[in-house]
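Structure file upload.pdb (PDB, N, CA and C atoms) follows.
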```pdb
ATOM      1  N   MET L   6     103.996 -53.049 -70.084
ATOM      2  CA  MET L   6     103.857 -53.743 -68.813
ATOM      3  C   MET L   6     102.817 -54.855 -68.963
ATOM      4  N   MET L   7     103.095 -56.023 -68.427
ATOM      5  CA  MET L   7     102.194 -57.163 -68.531
ATOM      6  C   MET L   7     100.983 -56.959 -67.619
ATOM      7  N   ASN L   8      99.817 -57.302 -68.087
ATOM      8  CA  ASN L   8      98.609 -57.189 -67.287
ATOM      9  C   ASN L   8      98.519 -58.401 -66.369
ATOM     10  N   LEU L   9      98.841 -58.196 -65.113
ATOM     11  CA  LEU L   9      98.885 -59.294 -64.154
ATOM     12  C   LEU L   9      97.511 -59.846 -63.806
ATOM     13  N   SER L  10      96.495 -59.028 -63.919
ATOM     14  CA  SER L  10      95.160 -59.467 -63.511
ATOM     15  C   SER L  10      94.579 -60.495 -64.468
ATOM     16  N   SER L  11      95.121 -60.638 -65.667
ATOM     17  CA  SER L  11      94.593 -61.619 -66.614
ATOM     18  C   SER L  11      95.219 -62.994 -66.424
ATOM     19  N   LYS L  12      96.228 -63.119 -65.605
ATOM     20  CA  LYS L  12      96.942 -64.385 -65.402
ATOM     21  C   LYS L  12      95.995 -65.489 -64.944
ATOM     22  N   GLY L  13      95.128 -65.223 -63.988
ATOM     23  CA  GLY L  13      94.217 -66.237 -63.456
ATOM     24  C   GLY L  13      93.211 -66.726 -64.478
ATOM     25  N   LYS L  14      92.916 -65.924 -65.499
ATOM     26  CA  LYS L  14      91.911 -66.290 -66.496
ATOM     27  C   LYS L  14      92.439 -67.333 -67.481
ATOM     28  N   THR L  15      93.752 -67.309 -67.748
ATOM     29  CA  THR L  15      94.290 -68.197 -68.767
ATOM     30  C   THR L  15      94.904 -69.463 -68.196
ATOM     31  N   ASP L  16      95.220 -69.481 -66.941
ATOM     32  CA  ASP L  16      95.879 -70.634 -66.340
ATOM     33  C   ASP L  16      94.832 -71.520 -65.669
ATOM     34  N   HIS L  17      94.508 -72.645 -66.310
ATOM     35  CA  HIS L  17      93.474 -73.532 -65.780
ATOM     36  C   HIS L  17      93.982 -74.416 -64.658
ATOM     37  N   ASN L  18      95.292 -74.458 -64.438
ATOM     38  CA  ASN L  18      95.863 -75.256 -63.368
ATOM     39  C   ASN L  18      96.166 -74.411 -62.143
ATOM     40  N   TYR L  19      95.496 -73.310 -62.013
ATOM     41  CA  TYR L  19      95.739 -72.370 -60.930
ATOM     42  C   TYR L  19      95.355 -72.983 -59.591
ATOM     43  N   LYS L  20      96.305 -72.982 -58.666
ATOM     44  CA  LYS L  20      96.060 -73.490 -57.320
ATOM     45  C   LYS L  20      96.343 -72.348 -56.351
ATOM     46  N   PRO L  21      95.307 -71.707 -55.815
ATOM     47  CA  PRO L  21      95.494 -70.497 -55.031
ATOM     48  C   PRO L  21      96.347 -70.649 -53.771
ATOM     49  N   LEU L  22      96.465 -71.833 -53.232
ATOM     50  CA  LEU L  22      97.159 -71.949 -51.960
ATOM     51  C   LEU L  22      98.545 -72.571 -52.074
ATOM     52  N   ASP L  23      99.082 -72.697 -53.279
ATOM     53  CA  ASP L  23     100.419 -73.257 -53.368
ATOM     54  C   ASP L  23     101.445 -72.220 -52.892
ATOM     55  N   ASP L  24     102.659 -72.665 -52.656
ATOM     56  CA  ASP L  24     103.693 -71.800 -52.088
ATOM     57  C   ASP L  24     104.008 -70.592 -52.962
ATOM     58  N   LEU L  25     104.099 -70.785 -54.254
ATOM     59  CA  LEU L  25     104.411 -69.677 -55.152
ATOM     60  C   LEU L  25     103.338 -68.599 -55.082
ATOM     61  N   THR L  26     102.097 -69.021 -55.127
ATOM     62  CA  THR L  26     100.987 -68.063 -55.071
ATOM     63  C   THR L  26     100.993 -67.316 -53.745
ATOM     64  N   THR L  27     101.189 -68.026 -52.669
ATOM     65  CA  THR L  27     101.215 -67.391 -51.350
ATOM     66  C   THR L  27     102.344 -66.367 -51.276
ATOM     67  N   THR L  28     103.505 -66.715 -51.797
ATOM     68  CA  THR L  28     104.644 -65.788 -51.807
ATOM     69  C   THR L  28     104.324 -64.547 -52.634
ATOM     70  N   LEU L  29     103.733 -64.750 -53.800
ATOM     71  CA  LEU L  29     103.391 -63.614 -54.660
ATOM     72  C   LEU L  29     102.348 -62.699 -54.017
ATOM     73  N   VAL L  30     101.378 -63.275 -53.342
ATOM     74  CA  VAL L  30     100.359 -62.463 -52.668
ATOM     75  C   VAL L  30     101.009 -61.613 -51.578
ATOM     76  N   HIS L  31     101.910 -62.197 -50.802
ATOM     77  CA  HIS L  31     102.600 -61.428 -49.761
ATOM     78  C   HIS L  31     103.441 -60.307 -50.379
ATOM     79  N   GLN L  32     104.107 -60.596 -51.490
ATOM     80  CA  GLN L  32     104.902 -59.567 -52.162
ATOM     81  C   GLN L  32     104.019 -58.445 -52.695
ATOM     82  N   CYS L  33     102.867 -58.797 -53.234
ATOM     83  CA  CYS L  33     101.938 -57.761 -53.725
ATOM     84  C   CYS L  33     101.477 -56.865 -52.584
ATOM     85  N   ARG L  34     101.171 -57.451 -51.451
ATOM     86  CA  ARG L  34     100.713 -56.649 -50.303
ATOM     87  C   ARG L  34     101.817 -55.743 -49.781
ATOM     88  N   ARG L  35     103.049 -56.257 -49.745
ATOM     89  CA  ARG L  35     104.184 -55.421 -49.336
ATOM     90  C   ARG L  35     104.406 -54.298 -50.352
ATOM     91  N   SER L  36     104.253 -54.617 -51.624
ATOM     92  CA  SER L  36     104.436 -53.607 -52.673
ATOM     93  C   SER L  36     103.417 -52.495 -52.549
ATOM     94  N   GLN L  37     102.203 -52.832 -52.150
ATOM     95  CA  GLN L  37     101.187 -51.787 -51.972
ATOM     96  C   GLN L  37     101.607 -50.799 -50.896
ATOM     97  N   THR L  38     102.234 -51.290 -49.843
ATOM     98  CA  THR L  38     102.716 -50.401 -48.786
ATOM     99  C   THR L  38     103.800 -49.467 -49.339
ATOM    100  N   THR L  39     104.701 -50.014 -50.130
ATOM    101  CA  THR L  39     105.757 -49.203 -50.744
ATOM    102  C   THR L  39     105.156 -48.165 -51.679
ATOM    103  N   ILE L  40     104.198 -48.581 -52.471
ATOM    104  CA  ILE L  40     103.551 -47.661 -53.418
ATOM    105  C   ILE L  40     102.827 -46.547 -52.668
ATOM    106  N   GLN L  41     102.210 -46.882 -51.552
ATOM    107  CA  GLN L  41     101.521 -45.868 -50.761
ATOM    108  C   GLN L  41     102.517 -44.795 -50.289
ATOM    109  N   ARG L  42     103.713 -45.220 -49.871
ATOM    110  CA  ARG L  42     104.743 -44.238 -49.467
ATOM    111  C   ARG L  42     105.182 -43.384 -50.646
ATOM    112  N   ILE L  43     105.297 -43.999 -51.817
ATOM    113  CA  ILE L  43     105.684 -43.244 -53.027
ATOM    114  C   ILE L  43     104.626 -42.194 -53.339
ATOM    115  N   VAL L  44     103.350 -42.584 -53.257
ATOM    116  CA  VAL L  44     102.253 -41.645 -53.542
ATOM    117  C   VAL L  44     102.291 -40.486 -52.546
ATOM    118  N   GLU L  45     102.553 -40.790 -51.278
ATOM    119  CA  GLU L  45     102.574 -39.743 -50.252
ATOM    120  C   GLU L  45     103.736 -38.769 -50.438
ATOM    121  N   THR L  46     104.839 -39.253 -51.025
ATOM    122  CA  THR L  46     106.019 -38.387 -51.175
ATOM    123  C   THR L  46     106.192 -37.835 -52.583
ATOM    124  N   ALA L  47     105.326 -38.211 -53.522
ATOM    125  CA  ALA L  47     105.473 -37.773 -54.915
ATOM    126  C   ALA L  47     105.270 -36.274 -55.084
ATOM    127  N   GLU L  48     104.474 -35.676 -54.256
ATOM    128  CA  GLU L  48     104.166 -34.245 -54.265
ATOM    129  C   GLU L  48     103.925 -33.687 -55.663
ATOM    130  N   ASP L  49     104.919 -32.995 -56.242
ATOM    131  CA  ASP L  49     104.723 -32.304 -57.515
ATOM    132  C   ASP L  49     105.071 -33.150 -58.744
ATOM    133  N   ASN L  50     105.550 -34.364 -58.540
ATOM    134  CA  ASN L  50     105.935 -35.210 -59.661
ATOM    135  C   ASN L  50     104.714 -36.000 -60.130
ATOM    136  N   GLU L  51     103.948 -35.379 -61.035
ATOM    137  CA  GLU L  51     102.692 -35.990 -61.488
ATOM    138  C   GLU L  51     102.905 -37.292 -62.241
ATOM    139  N   ALA L  52     103.981 -37.394 -62.981
ATOM    140  CA  ALA L  52     104.253 -38.621 -63.742
ATOM    141  C   ALA L  52     104.482 -39.798 -62.787
ATOM    142  N   LEU L  53     105.274 -39.549 -61.752
ATOM    143  CA  LEU L  53     105.522 -40.602 -60.759
ATOM    144  C   LEU L  53     104.236 -40.965 -60.026
ATOM    145  N   LEU L  54     103.459 -39.974 -59.635
ATOM    146  CA  LEU L  54     102.192 -40.209 -58.955
ATOM    147  C   LEU L  54     101.249 -41.019 -59.826
ATOM    148  N   PHE L  55     101.139 -40.655 -61.099
ATOM    149  CA  PHE L  55     100.271 -41.354 -62.045
ATOM    150  C   PHE L  55     100.688 -42.820 -62.190
ATOM    151  N   GLU L  56     101.992 -43.042 -62.355
ATOM    152  CA  GLU L  56     102.492 -44.416 -62.527
ATOM    153  C   GLU L  56     102.284 -45.242 -61.253
ATOM    154  N   ALA L  57     102.530 -44.638 -60.104
ATOM    155  CA  ALA L  57     102.355 -45.352 -58.836
ATOM    156  C   ALA L  57     100.883 -45.750 -58.636
ATOM    157  N   LEU L  58      99.982 -44.842 -58.978
ATOM    158  CA  LEU L  58      98.555 -45.153 -58.831
ATOM    159  C   LEU L  58      98.129 -46.256 -59.799
ATOM    160  N   ASN L  59      98.673 -46.247 -61.011
ATOM    161  CA  ASN L  59      98.364 -47.311 -61.980
ATOM    162  C   ASN L  59      98.878 -48.671 -61.499
ATOM    163  N   VAL L  60     100.095 -48.690 -60.975
ATOM    164  CA  VAL L  60     100.656 -49.946 -60.451
ATOM    165  C   VAL L  60      99.814 -50.442 -59.272
ATOM    166  N   ASN L  61      99.424 -49.523 -58.416
ATOM    167  CA  ASN L  61      98.582 -49.903 -57.281
ATOM    168  C   ASN L  61      97.261 -50.508 -57.757
ATOM    169  N   ASP L  62      96.655 -49.914 -58.785
ATOM    170  CA  ASP L  62      95.400 -50.445 -59.330
ATOM    171  C   ASP L  62      95.589 -51.868 -59.864
ATOM    172  N   GLU L  63      96.707 -52.101 -60.562
ATOM    173  CA  GLU L  63      96.972 -53.442 -61.098
ATOM    174  C   GLU L  63      97.167 -54.464 -59.975
ATOM    175  N   ILE L  64      97.905 -54.056 -58.964
ATOM    176  CA  ILE L  64      98.113 -54.969 -57.831
ATOM    177  C   ILE L  64      96.782 -55.266 -57.156
ATOM    178  N   GLN L  65      95.949 -54.255 -57.009
ATOM    179  CA  GLN L  65      94.648 -54.464 -56.368
ATOM    180  C   GLN L  65      93.787 -55.413 -57.185
ATOM    181  N   LYS L  66      93.840 -55.320 -58.502
ATOM    182  CA  LYS L  66      93.087 -56.245 -59.362
ATOM    183  C   LYS L  66      93.560 -57.681 -59.156
ATOM    184  N   VAL L  67      94.879 -57.854 -59.075
ATOM    185  CA  VAL L  67      95.444 -59.189 -58.873
ATOM    186  C   VAL L  67      94.999 -59.750 -57.528
ATOM    187  N   LEU L  68      95.075 -58.945 -56.479
ATOM    188  CA  LEU L  68      94.673 -59.413 -55.145
ATOM    189  C   LEU L  68      93.179 -59.722 -55.085
ATOM    190  N   THR L  69      92.377 -58.933 -55.776
ATOM    191  CA  THR L  69      90.939 -59.188 -55.821
ATOM    192  C   THR L  69      90.665 -60.504 -56.540
ATOM    193  N   LYS L  70      91.363 -60.739 -57.647
ATOM    194  CA  LYS L  70      91.203 -61.991 -58.389
ATOM    195  C   LYS L  70      91.631 -63.180 -57.533
ATOM    196  N   TYR L  71      92.710 -63.017 -56.799
ATOM    197  CA  TYR L  71      93.174 -64.076 -55.896
ATOM    198  C   TYR L  71      92.085 -64.404 -54.870
ATOM    199  N   GLU L  72      91.495 -63.374 -54.278
ATOM    200  CA  GLU L  72      90.445 -63.593 -53.268
ATOM    201  C   GLU L  72      89.239 -64.302 -53.879
ATOM    202  N   GLU L  73      88.918 -63.983 -55.133
ATOM    203  CA  GLU L  73      87.790 -64.637 -55.806
ATOM    204  C   GLU L  73      88.067 -66.116 -56.057
ATOM    205  N   LEU L  74      89.306 -66.436 -56.413
ATOM    206  CA  LEU L  74      89.659 -67.816 -56.754
ATOM    207  C   LEU L  74      90.029 -68.665 -55.542
ATOM    208  N   LYS L  75      90.357 -68.015 -54.471
ATOM    209  CA  LYS L  75      90.789 -68.731 -53.273
ATOM    210  C   LYS L  75      89.612 -69.525 -52.709
ATOM    211  N   PRO L  76      89.817 -70.811 -52.424
ATOM    212  CA  PRO L  76      88.725 -71.577 -51.824
ATOM    213  C   PRO L  76      88.464 -71.067 -50.409
ATOM    214  N   HIS L  77      87.219 -70.859 -50.103
ATOM    215  CA  HIS L  77      86.836 -70.378 -48.781
ATOM    216  C   HIS L  77      86.500 -71.579 -47.913
ATOM    217  N   PRO L  78      86.972 -71.573 -46.675
ATOM    218  CA  PRO L  78      86.688 -72.709 -45.805
ATOM    219  C   PRO L  78      85.187 -72.849 -45.574
ATOM    220  N   VAL L  79      84.735 -74.077 -45.612
ATOM    221  CA  VAL L  79      83.322 -74.353 -45.386
ATOM    222  C   VAL L  79      83.151 -74.681 -43.909
ATOM    223  N   ALA L  80      82.239 -73.988 -43.287
ATOM    224  CA  ALA L  80      81.985 -74.240 -41.871
ATOM    225  C   ALA L  80      81.387 -75.627 -41.709
ATOM    226  N   PRO L  81      81.895 -76.390 -40.758
ATOM    227  CA  PRO L  81      81.329 -77.727 -40.558
ATOM    228  C   PRO L  81      79.871 -77.621 -40.120
ATOM    229  N   LEU L  82      79.088 -78.554 -40.587
ATOM    230  CA  LEU L  82      77.684 -78.565 -40.206
ATOM    231  C   LEU L  82      77.560 -78.866 -38.725
ATOM    232  N   GLN L  83      76.657 -78.177 -38.093
ATOM    233  CA  GLN L  83      76.430 -78.413 -36.674
ATOM    234  C   GLN L  83      75.676 -79.727 -36.503
ATOM    235  N   PRO L  84      76.239 -80.667 -35.758
ATOM    236  CA  PRO L  84      75.505 -81.914 -35.551
ATOM    237  C   PRO L  84      74.269 -81.647 -34.688
ATOM    238  N   GLU L  85      73.247 -82.412 -34.958
ATOM    239  CA  GLU L  85      72.049 -82.254 -34.145
ATOM    240  C   GLU L  85      72.337 -82.768 -32.750
ATOM    241  N   PRO L  86      71.751 -82.135 -31.740
ATOM    242  CA  PRO L  86      72.008 -82.599 -30.380
ATOM    243  C   PRO L  86      71.504 -84.026 -30.204
ATOM    244  N   ALA L  87      72.220 -84.774 -29.388
ATOM    245  CA  ALA L  87      71.824 -86.156 -29.128
ATOM    246  C   ALA L  87      70.495 -86.172 -28.386
ATOM    247  N   MET L  88      69.667 -87.100 -28.779
ATOM    248  CA  MET L  88      68.375 -87.237 -28.111
ATOM    249  C   MET L  88      68.567 -88.144 -26.896
ATOM    250  N   ILE L  89      68.180 -87.657 -25.759
ATOM    251  CA  ILE L  89      68.304 -88.443 -24.530
ATOM    252  C   ILE L  89      66.925 -88.974 -24.175
ATOM    253  N   PRO L  90      66.800 -90.301 -24.055
ATOM    254  CA  PRO L  90      65.494 -90.844 -23.692
ATOM    255  C   PRO L  90      65.125 -90.427 -22.266
ATOM    256  N   VAL L  91      63.900 -90.044 -22.108
ATOM    257  CA  VAL L  91      63.418 -89.596 -20.804
ATOM    258  C   VAL L  91      62.233 -90.448 -20.420
ATOM    259  N   ALA L  92      62.277 -90.951 -19.182
ATOM    260  CA  ALA L  92      61.148 -91.747 -18.690
ATOM    261  C   ALA L  92      59.977 -90.808 -18.431
ATOM    262  N   VAL L  93      58.802 -91.229 -18.823
ATOM    263  CA  VAL L  93      57.609 -90.422 -18.629
ATOM    264  C   VAL L  93      57.034 -90.743 -17.251
ATOM    265  N   GLU L  94      56.878 -89.696 -16.462
ATOM    266  CA  GLU L  94      56.320 -89.854 -15.117
ATOM    267  C   GLU L  94      54.804 -89.933 -15.211
ATOM    268  N   PRO L  95      54.179 -90.613 -14.273
ATOM    269  CA  PRO L  95      52.713 -90.636 -14.267
ATOM    270  C   PRO L  95      52.178 -89.217 -14.116
ATOM    271  N   ASP L  96      50.998 -89.018 -14.618
ATOM    272  CA  ASP L  96      50.376 -87.700 -14.593
ATOM    273  C   ASP L  96      50.153 -87.276 -13.152
ATOM    274  N   GLU L  97      50.794 -86.160 -12.785
ATOM    275  CA  GLU L  97      50.649 -85.646 -11.427
ATOM    276  C   GLU L  97      50.006 -84.272 -11.451
ATOM    277  N   SER L  98      49.056 -84.095 -12.335
ATOM    278  CA  SER L  98      48.373 -82.817 -12.410
ATOM    279  C   SER L  98      47.502 -82.647 -11.170
ATOM    280  N   PRO L  99      47.107 -81.432 -10.830
ATOM    281  CA  PRO L  99      46.331 -81.174  -9.602
ATOM    282  C   PRO L  99      45.048 -81.998  -9.504
ATOM    283  N   ARG L 100      44.418 -82.326 -10.616
ATOM    284  CA  ARG L 100      43.170 -83.083 -10.512
ATOM    285  C   ARG L 100      43.404 -84.495  -9.979
ATOM    286  N   HIS L 101      44.600 -85.074 -10.228
ATOM    287  CA  HIS L 101      44.906 -86.400  -9.704
ATOM    288  C   HIS L 101      45.451 -86.349  -8.291
ATOM    289  N   LEU L 102      46.004 -85.216  -7.883
ATOM    290  CA  LEU L 102      46.569 -85.096  -6.549
ATOM    291  C   LEU L 102      45.502 -84.827  -5.502
ATOM    292  N   ASP L 103      44.356 -84.327  -5.911
ATOM    293  CA  ASP L 103      43.321 -83.980  -4.953
ATOM    294  C   ASP L 103      42.965 -85.167  -4.066
ATOM    295  N   THR L 104      42.798 -86.330  -4.638
ATOM    296  CA  THR L 104      42.379 -87.478  -3.844
ATOM    297  C   THR L 104      43.495 -87.942  -2.922
ATOM    298  N   LYS L 105      44.744 -87.913  -3.355
ATOM    299  CA  LYS L 105      45.863 -88.302  -2.508
ATOM    300  C   LYS L 105      46.051 -87.284  -1.396
ATOM    301  N   GLU L 106      46.025 -86.004  -1.753
ATOM    302  CA  GLU L 106      46.243 -84.965  -0.765
ATOM    303  C   GLU L 106      45.094 -84.906   0.237
ATOM    304  N   ASP L 107      43.882 -85.146  -0.218
ATOM    305  CA  ASP L 107      42.737 -85.093   0.689
ATOM    306  C   ASP L 107      42.899 -86.090   1.828
ATOM    307  N   SER L 108      43.478 -87.234   1.544
ATOM    308  CA  SER L 108      43.629 -88.230   2.598
ATOM    309  C   SER L 108      44.745 -87.842   3.563
ATOM    310  N   LEU L 109      45.647 -86.956   3.166
ATOM    311  CA  LEU L 109      46.753 -86.547   4.018
ATOM    312  C   LEU L 109      46.436 -85.302   4.843
ATOM    313  N   ILE L 110      45.417 -84.580   4.461
ATOM    314  CA  ILE L 110      45.081 -83.331   5.155
ATOM    315  C   ILE L 110      44.281 -83.675   6.403
ATOM    316  N   ARG L 111      44.705 -83.091   7.537
ATOM    317  CA  ARG L 111      44.000 -83.288   8.799
ATOM    318  C   ARG L 111      42.771 -82.404   8.799
ATOM    319  N   LYS L 112      41.658 -83.050   8.997
ATOM    320  CA  LYS L 112      40.385 -82.326   8.981
ATOM    321  C   LYS L 112      39.826 -82.251  10.382
ATOM    322  N   PRO L 113      39.021 -81.237  10.639
ATOM    323  CA  PRO L 113      38.403 -81.118  11.982
ATOM    324  C   PRO L 113      37.579 -82.378  12.273
ATOM    325  N   ALA L 114      37.472 -82.699  13.519
ATOM    326  CA  ALA L 114      36.808 -83.929  13.948
ATOM    327  C   ALA L 114      35.362 -84.015  13.458
ATOM    328  N   GLY L 115      34.649 -82.955  13.338
ATOM    329  CA  GLY L 115      33.255 -82.988  12.924
ATOM    330  C   GLY L 115      33.054 -83.195  11.441
ATOM    331  N   SER L 116      34.096 -83.010  10.628
ATOM    332  CA  SER L 116      33.902 -83.087   9.180
ATOM    333  C   SER L 116      34.362 -84.427   8.604
ATOM    334  N   ARG L 117      34.812 -85.356   9.415
ATOM    335  CA  ARG L 117      35.266 -86.650   8.883
ATOM    336  C   ARG L 117      34.088 -87.530   8.552
ATOM    337  N   PRO L 118      34.162 -88.297   7.545
ATOM    338  CA  PRO L 118      33.069 -89.185   7.167
ATOM    339  C   PRO L 118      32.944 -90.398   8.019
TER     340      PRO L 118
END
```

Starting from the file, lay out its structure as structure tokens.
Amino acid sequence: MMNLSSKGKTDHNYKPLDDLTTTLVHQCRRSQTTIQRIVETAEDNEALLFEALNVNDEIQKVLTKYEELKPHPVAPLQPEPAMIPVAVEPDESPRHLDTKEDSLIRKPAGSRP
């Protein structure tokens, strides 16, 4: 039986997302489901169970290699938020308001200057 997991190592023109590769990956995944049913029904047939588990291991190696070689999408960089110019208001801290507010506060008749 050919060792499928070594295919990616020797082929330097490997393109993980081409149609053939995508088709083969889908077939491997479907085959794993079939193999799982074979393993579940093999019961006393140790030779069949052994072979099914070996095939499953080979398929898993191929799928793992595919995942390693597959280009992973790069998240776009978050743009920095736009800087909005803000007009600076004159200082309205309490120490500056005292003189303005004092002139607005009604004082008793005896305390006016």

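Against the coordinates shown, the PyMOL selection byres ((chain L and resi 63-68) around 7) returns Leu9, Ser10, Ser11, Val30, Cys33, Leu58, Asn59, Val60, Asn61, Asp62, Thr69, Lys70, Tyr71, Glu72 and Glu73 of chain L.
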
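Pairwise distance (atom N of Glu45 in chain L, atom N of Ala57 in chain L) equals 9.6 Å.
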
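Reported to one decimal place, the separation of CA of Val44 in chain L from atom C of Asp24 in chain L is 29.0 Å.
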
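Between CA of Ala52 in chain L and CA of Leu29 in chain L the separation is 26.6 Å.
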
Kindly list the centre and edge lengths in Å, rounded to one decimal, for the axis-aligned box that covers all listed atoms of range 25-36 of chain L plus 4 Å on each of its six sides, as AutoDock Vina command-line options.
```
--center_x 102.6 --center_y -61.6 --center_z -52.2 --size_x 12.5 --size_y 26.3 --size_z 13.8
```
